Amino acid sequence: MTIIVNLDVELAKRKMKSNELAQRIGITEQNISILKTGKAKAIRFTTLDLICKELDCQPGDILEYKT
Amino acid sequence: MENENMHRIQRVSGIFIVLFTVFIIGIPVFTLLYWLFFNSLPAGFTTELPVSAKQTLPPATMTLAFLVSLIPASVAIYGLSTLKKLFQLYTKAIVFSEKNADCFRRLGYTLIAWVFANMIFTTLISIVISYGNPPGERMMVVGFGTSEISTLIIGAIVVLVSWVMNEATKLEDEQAYTV
């Protein structure tokens, strides 16, 4: 997979834990873990919207394309 | 509503597992008893055989007949074991997985194998039973009719369903890893 998820970087910058983010945006910790570990096959726009709103960042801060 | 349906699937699957287990044990036991007491069975119990025995079968013939009967019986037991495995997955709420698709595929091929197993059984049992008959009354029966064709078609359809289930597995996997 050439799409890298940098969610852990953004969480570290804000000193926020995964479970805290999960609780705030209303998704399971398991889903956050799937996202962080690069196992996700797709992300809903609604989820991306909630993460960006909570972390006050852009989708490009979380998702990166690497060749 | 979704959980209620899954609970129903799990509950009914549990009942079927018990039923299949009974059949898996019952088929070889019944087959053994059938041939053990063949000579004392009422006439109605032997009409399913392709030929009739004109005389009492000796123990060696009954043993051979029992072994021949194990051919379709083993296919039936394998099919029932596969069904049991499939329903055990359902009791664990695993509905669309590679294992489910694999069970369907094996069930399809088992149905196809059942047709040929029965054909072999019919031919061999007719020889075994009629061998002790007077000359001119010994027979070899070969049977292939609409019932066999229907079972082959159903078997092929079940194999096709397993291919569809494989596609469903991919969708389920996609769904599981969509955040």
# chains A, B, ... in the order shown; residues from 1 in each chain; ligands from 1
>>> select_by_dssp(residues="chain A", states="strand (DSSP E)", output="PyMOL selection string")
chain A and resi 3-5+63-65
>>> interface_residues(of="chain B", to="chain A", cutoff="9 Å", atoms="only C-alpha atoms", output="mmCIF file with all heavy atoms, in the first residue's frame")
data_model
loop_
_atom_site.group_PDB
_atom_site.id
_atom_site.type_symbol
_atom_site.label_atom_id
_atom_site.label_comp_id
_atom_site.auth_asym_id
_atom_site.auth_seq_id
_atom_site.Cartn_x
_atom_site.Cartn_y
_atom_site.Cartn_z
ATOM 1 N N ASP B 173 -14.451 -8.592 3.852
ATOM 2 C CA ASP B 173 -13.100 -8.193 4.252
ATOM 3 C C ASP B 173 -12.915 -6.691 4.066
ATOM 4 O O ASP B 173 -12.356 -6.010 4.918
ATOM 5 C CB ASP B 173 -12.101 -8.970 3.381
ATOM 6 C CG ASP B 173 -10.740 -8.990 4.012
ATOM 7 O OD1 ASP B 173 -10.665 -9.225 5.233
ATOM 8 O OD2 ASP B 173 -9.750 -8.771 3.294
ATOM 9 N N GLU B 174 -13.407 -6.213 2.939
ATOM 10 C CA GLU B 174 -13.341 -4.777 2.612
ATOM 11 C C GLU B 174 -14.090 -3.982 3.677
ATOM 12 O O GLU B 174 -13.626 -2.957 4.172
ATOM 13 C CB GLU B 174 -13.985 -4.571 1.240
ATOM 14 C CG GLU B 174 -13.734 -3.220 0.611
ATOM 15 C CD GLU B 174 -12.463 -3.180 -0.214
ATOM 16 O OE1 GLU B 174 -11.948 -4.248 -0.594
ATOM 17 O OE2 GLU B 174 -11.979 -2.078 -0.471
ATOM 18 N N GLN B 175 -15.265 -4.483 4.041
ATOM 19 C CA GLN B 175 -16.118 -3.828 5.025
ATOM 20 C C GLN B 175 -15.438 -3.799 6.402
ATOM 21 O O GLN B 175 -15.483 -2.788 7.101
ATOM 22 C CB GLN B 175 -17.459 -4.585 5.096
ATOM 23 C CG GLN B 175 -18.414 -4.139 6.177
ATOM 24 C CD GLN B 175 -18.951 -2.751 5.950
ATOM 25 O OE1 GLN B 175 -18.902 -2.226 4.840
ATOM 26 N NE2 GLN B 175 -19.443 -2.129 6.989
ATOM 27 N N ALA B 176 -14.801 -4.914 6.758
ATOM 28 C CA ALA B 176 -14.166 -5.025 8.072
ATOM 29 C C ALA B 176 -13.013 -4.028 8.228
ATOM 30 O O ALA B 176 -12.712 -3.580 9.333
ATOM 31 C CB ALA B 176 -13.659 -6.439 8.287
ATOM 32 N N TYR B 177 -12.364 -3.724 7.081
ATOM 33 C CA TYR B 177 -11.219 -2.808 7.130
ATOM 34 C C TYR B 177 -11.541 -1.440 6.541
ATOM 35 O O TYR B 177 -10.665 -0.726 6.090
ATOM 36 C CB TYR B 177 -10.011 -3.451 6.437
ATOM 37 C CG TYR B 177 -9.426 -4.567 7.266
ATOM 38 C CD1 TYR B 177 -9.751 -5.891 6.984
ATOM 39 C CD2 TYR B 177 -8.606 -4.295 8.348
ATOM 40 C CE1 TYR B 177 -9.240 -6.913 7.780
ATOM 41 C CE2 TYR B 177 -8.101 -5.305 9.140
ATOM 42 C CZ TYR B 177 -8.421 -6.611 8.845
ATOM 43 O OH TYR B 177 -7.931 -7.623 9.617
ATOM 44 N N THR B 178 -12.809 -1.076 6.551
ATOM 45 C CA THR B 178 -13.223 0.283 6.195
ATOM 46 C C THR B 178 -13.528 1.022 7.482
ATOM 47 O O THR B 178 -14.356 0.587 8.284
ATOM 48 C CB THR B 178 -14.453 0.247 5.272
ATOM 49 O OG1 THR B 178 -14.097 -0.349 4.036
ATOM 50 C CG2 THR B 178 -14.984 1.659 5.008
ATOM 51 N N VAL B 179 -12.798 2.126 7.674
ATOM 52 C CA VAL B 179 -12.931 2.894 8.917
ATOM 53 C C VAL B 179 -13.888 4.071 8.708
ATOM 54 O O VAL B 179 -13.769 4.784 7.735
ATOM 55 C CB VAL B 179 -11.541 3.404 9.335
ATOM 56 C CG1 VAL B 179 -11.628 4.264 10.562
ATOM 57 C CG2 VAL B 179 -10.617 2.226 9.581
#
>>> residues_around(residues="Asn118 in chain B", least_positions_apart="4", cutoff="12 Å", atoms="only C-alpha atoms", output="NGL selection string")
:B and (49-50 or 68-76 or 110-114 or 122-126 or 141-145 or 147-148 or 151)
>>> write_last_selection(atoms="C-alpha atoms", output="PDB file, in the first residue's frame")
ATOM      1  CA  LEU B  49     -31.720 -52.647  -3.315  1.00  0.00           C
ATOM      2  CA  PRO B  50     -31.269 -52.976  -7.109  1.00  0.00           C
ATOM      3  CA  VAL B  68     -19.633 -51.951  -0.521  1.00  0.00           C
ATOM      4  CA  SER B  69     -22.284 -49.936   1.355  1.00  0.00           C
ATOM      5  CA  LEU B  70     -19.514 -47.929   2.974  1.00  0.00           C
ATOM      6  CA  ILE B  71     -18.751 -46.334  -0.398  1.00  0.00           C
ATOM      7  CA  PRO B  72     -21.852 -44.095  -0.517  1.00  0.00           C
ATOM      8  CA  ALA B  73     -22.001 -44.009   3.290  1.00  0.00           C
ATOM      9  CA  SER B  74     -18.530 -42.463   3.548  1.00  0.00           C
ATOM     10  CA  VAL B  75     -19.446 -39.811   0.977  1.00  0.00           C
ATOM     11  CA  ALA B  76     -22.606 -39.049   2.981  1.00  0.00           C
ATOM     12  CA  THR B 110     -19.592 -34.039  -2.425  1.00  0.00           C
ATOM     13  CA  LEU B 111     -22.994 -33.990  -4.140  1.00  0.00           C
ATOM     14  CA  ILE B 112     -21.282 -34.753  -7.452  1.00  0.00           C
ATOM     15  CA  ALA B 113     -19.224 -37.507  -5.814  1.00  0.00           C
ATOM     16  CA  TRP B 114     -22.416 -38.901  -4.238  1.00  0.00           C
ATOM     17  CA  THR B 122     -25.572 -50.053  -7.256  1.00  0.00           C
ATOM     18  CA  THR B 123     -23.364 -52.010  -9.643  1.00  0.00           C
ATOM     19  CA  LEU B 124     -21.261 -53.694  -6.955  1.00  0.00           C
ATOM     20  CA  ILE B 125     -24.143 -54.531  -4.604  1.00  0.00           C
ATOM     21  CA  SER B 126     -26.140 -56.089  -7.442  1.00  0.00           C
ATOM     22  CA  VAL B 141     -27.150 -53.341 -12.540  1.00  0.00           C
ATOM     23  CA  VAL B 142     -25.939 -49.986 -13.848  1.00  0.00           C
ATOM     24  CA  GLY B 143     -28.169 -47.047 -13.076  1.00  0.00           C
ATOM     25  CA  PHE B 144     -28.069 -43.445 -14.287  1.00  0.00           C
ATOM     26  CA  GLY B 145     -31.327 -41.552 -14.516  1.00  0.00           C
ATOM     27  CA  SER B 147     -32.399 -38.406 -10.217  1.00  0.00           C
ATOM     28  CA  GLU B 148     -28.645 -38.607 -10.839  1.00  0.00           C
ATOM     29  CA  THR B 151     -28.158 -34.230  -8.174  1.00  0.00           C
TER      30      THR B 151
END
>>> atom_distance(atom1="CA of Ser130 in chain B", atom2="CA of Ala53 in chain B")
6.0 Å
>>> select_by_dssp(residues="range 63-179 of chain B", states="helix (DSSP H, G or I)", output="mmCIF file with C-alpha atoms, in the first residue's frame")
data_model
loop_
_atom_site.group_PDB
_atom_site.id
_atom_site.type_symbol
_atom_site.label_atom_id
_atom_site.label_comp_id
_atom_site.auth_asym_id
_atom_site.auth_seq_id
_atom_site.Cartn_x
_atom_site.Cartn_y
_atom_site.Cartn_z
ATOM 1 C CA THR B 63 -19.604 -58.579 5.078
ATOM 2 C CA LEU B 64 -18.798 -57.741 1.467
ATOM 3 C CA ALA B 65 -22.148 -56.018 1.062
ATOM 4 C CA PHE B 66 -21.448 -53.951 4.183
ATOM 5 C CA LEU B 67 -18.061 -52.888 2.812
ATOM 6 C CA VAL B 68 -19.633 -51.951 -0.521
ATOM 7 C CA SER B 69 -22.284 -49.936 1.355
ATOM 8 C CA LEU B 70 -19.514 -47.929 2.974
ATOM 9 C CA ILE B 71 -18.751 -46.334 -0.398
ATOM 10 C CA PRO B 72 -21.852 -44.095 -0.517
ATOM 11 C CA ALA B 73 -22.001 -44.009 3.290
ATOM 12 C CA SER B 74 -18.530 -42.463 3.548
ATOM 13 C CA VAL B 75 -19.446 -39.811 0.977
ATOM 14 C CA ALA B 76 -22.606 -39.049 2.981
ATOM 15 C CA ILE B 77 -20.603 -38.833 6.226
ATOM 16 C CA TYR B 78 -18.067 -36.505 4.590
ATOM 17 C CA GLY B 79 -20.924 -34.290 3.369
ATOM 18 C CA LEU B 80 -22.503 -34.221 6.812
ATOM 19 C CA SER B 81 -19.143 -33.396 8.436
ATOM 20 C CA THR B 82 -18.735 -30.490 6.030
ATOM 21 C CA LEU B 83 -22.259 -29.281 6.818
ATOM 22 C CA LYS B 84 -21.457 -29.549 10.525
ATOM 23 C CA LYS B 85 -18.308 -27.443 10.003
ATOM 24 C CA LEU B 86 -20.313 -24.832 8.075
ATOM 25 C CA PHE B 87 -22.971 -24.575 10.764
ATOM 26 C CA GLN B 88 -20.305 -24.398 13.478
ATOM 27 C CA LEU B 89 -19.045 -21.281 11.712
ATOM 28 C CA TYR B 90 -22.596 -19.904 11.769
ATOM 29 C CA THR B 91 -22.843 -20.483 15.527
ATOM 30 C CA GLU B 98 -13.113 -18.110 3.167
ATOM 31 C CA LYS B 99 -13.920 -21.076 5.387
ATOM 32 C CA ASN B 100 -17.658 -20.751 4.629
ATOM 33 C CA ALA B 101 -16.936 -20.564 0.893
ATOM 34 C CA ASP B 102 -14.656 -23.591 1.193
ATOM 35 C CA CYS B 103 -17.450 -25.570 2.904
ATOM 36 C CA PHE B 104 -19.880 -24.725 0.100
ATOM 37 C CA ARG B 105 -17.324 -25.761 -2.520
ATOM 38 C CA ARG B 106 -16.707 -29.080 -0.790
ATOM 39 C CA LEU B 107 -20.464 -29.664 -0.418
ATOM 40 C CA GLY B 108 -20.942 -29.127 -4.137
ATOM 41 C CA TYR B 109 -18.210 -31.603 -5.031
ATOM 42 C CA THR B 110 -19.592 -34.039 -2.425
ATOM 43 C CA LEU B 111 -22.994 -33.990 -4.140
ATOM 44 C CA ILE B 112 -21.282 -34.753 -7.452
ATOM 45 C CA ALA B 113 -19.224 -37.507 -5.814
ATOM 46 C CA TRP B 114 -22.416 -38.901 -4.238
ATOM 47 C CA VAL B 115 -23.857 -39.591 -7.694
ATOM 48 C CA PHE B 116 -20.824 -41.605 -8.772
ATOM 49 C CA ALA B 117 -20.537 -43.334 -5.387
ATOM 50 C CA ASN B 118 -24.140 -44.454 -5.686
ATOM 51 C CA MET B 119 -23.607 -45.705 -9.226
ATOM 52 C CA ILE B 120 -20.618 -47.749 -8.090
ATOM 53 C CA PHE B 121 -22.602 -49.011 -5.097
ATOM 54 C CA THR B 122 -25.572 -50.053 -7.256
ATOM 55 C CA THR B 123 -23.364 -52.010 -9.643
ATOM 56 C CA LEU B 124 -21.261 -53.694 -6.955
ATOM 57 C CA ILE B 125 -24.143 -54.531 -4.604
ATOM 58 C CA SER B 126 -26.140 -56.089 -7.442
ATOM 59 C CA ILE B 127 -23.179 -58.365 -8.170
ATOM 60 C CA VAL B 128 -22.587 -59.195 -4.489
ATOM 61 C CA ILE B 129 -26.213 -59.990 -3.679
ATOM 62 C CA SER B 130 -27.071 -61.886 -6.849
ATOM 63 C CA THR B 146 -33.049 -38.239 -13.949
ATOM 64 C CA SER B 147 -32.399 -38.406 -10.217
ATOM 65 C CA GLU B 148 -28.645 -38.607 -10.839
ATOM 66 C CA ILE B 149 -28.757 -35.796 -13.396
ATOM 67 C CA SER B 150 -30.690 -33.591 -10.932
ATOM 68 C CA THR B 151 -28.158 -34.230 -8.174
ATOM 69 C CA LEU B 152 -25.263 -33.443 -10.524
ATOM 70 C CA ILE B 153 -26.905 -30.151 -11.524
ATOM 71 C CA ILE B 154 -27.563 -29.235 -7.885
ATOM 72 C CA GLY B 155 -23.951 -30.085 -7.047
ATOM 73 C CA ALA B 156 -22.713 -27.829 -9.854
ATOM 74 C CA ILE B 157 -24.985 -25.025 -8.632
ATOM 75 C CA VAL B 158 -23.624 -25.352 -5.088
ATOM 76 C CA VAL B 159 -20.058 -25.107 -6.440
ATOM 77 C CA LEU B 160 -21.099 -21.940 -8.299
ATOM 78 C CA VAL B 161 -22.595 -20.601 -5.057
ATOM 79 C CA SER B 162 -19.205 -21.183 -3.392
ATOM 80 C CA TRP B 163 -17.595 -18.936 -6.027
ATOM 81 C CA VAL B 164 -20.195 -16.257 -5.262
ATOM 82 C CA MET B 165 -19.457 -16.719 -1.538
ATOM 83 C CA ASN B 166 -15.771 -16.060 -2.300
ATOM 84 C CA GLU B 167 -16.756 -12.714 -3.773
ATOM 85 C CA ALA B 168 -18.885 -12.044 -0.688
ATOM 86 C CA THR B 169 -15.827 -12.815 1.454
ATOM 87 C CA LYS B 170 -13.896 -10.082 -0.359
ATOM 88 C CA LEU B 171 -16.727 -7.614 0.302
ATOM 89 C CA GLU B 172 -16.852 -8.624 3.982
ATOM 90 C CA ASP B 173 -13.100 -8.193 4.252
ATOM 91 C CA GLU B 174 -13.341 -4.777 2.612
ATOM 92 C CA GLN B 175 -16.118 -3.828 5.025
ATOM 93 C CA ALA B 176 -14.166 -5.025 8.072
#
>>> residues_around(residues="Arg24 in chain A", least_positions_apart="2", cutoff="12 Å", atoms="only C-alpha atoms", output="list in words")
Met16, Lys17, Ser18, Asn19, Glu20, Leu21, Ala22, Gly26, Ile27, Thr28, Glu29, Ile32, Thr47, Leu50, Ile51, Lys53, Glu54 and Leu55 of chain A
>>> write_last_selection(atoms="C-alpha atoms", output="mmCIF file, in the first residue's frame")
data_model
loop_
_atom_site.group_PDB
_atom_site.id
_atom_site.type_symbol
_atom_site.label_atom_id
_atom_site.label_comp_id
_atom_site.auth_asym_id
_atom_site.auth_seq_id
_atom_site.Cartn_x
_atom_site.Cartn_y
_atom_site.Cartn_z
ATOM 1 C CA MET A 16 -3.475 12.952 22.391
ATOM 2 C CA LYS A 17 -3.916 9.202 22.850
ATOM 3 C CA SER A 18 -5.712 6.960 20.335
ATOM 4 C CA ASN A 19 -8.453 5.961 22.741
ATOM 5 C CA GLU A 20 -9.104 9.617 23.533
ATOM 6 C CA LEU A 21 -9.523 10.435 19.840
ATOM 7 C CA ALA A 22 -11.755 7.371 19.403
ATOM 8 C CA GLY A 26 -17.331 8.202 18.311
ATOM 9 C CA ILE A 27 -15.513 5.382 16.575
ATOM 10 C CA THR A 28 -14.025 2.289 18.153
ATOM 11 C CA GLU A 29 -10.422 2.058 19.348
ATOM 12 C CA ILE A 32 -8.314 3.800 15.113
ATOM 13 C CA THR A 47 -14.582 9.553 9.501
ATOM 14 C CA LEU A 50 -14.432 13.931 12.157
ATOM 15 C CA ILE A 51 -10.680 13.305 12.584
ATOM 16 C CA LYS A 53 -12.256 18.520 12.813
ATOM 17 C CA GLU A 54 -11.013 17.074 16.123
ATOM 18 C CA LEU A 55 -7.304 17.427 15.340
#
>>> residues_around(residues="Glu10 in chain A", least_positions_apart="2", cutoff="9 Å", atoms="only C-alpha atoms", output="PyMOL selection string")
chain A and resi 6-8+12-16+55+57+61-62
>>> residues_around(residues="Leu57 in chain B", least_positions_apart="4", cutoff="8 Å", atoms="only C-alpha atoms", output="number ranges by chain")
B: 38-39, 53, 61-62, 129, 132
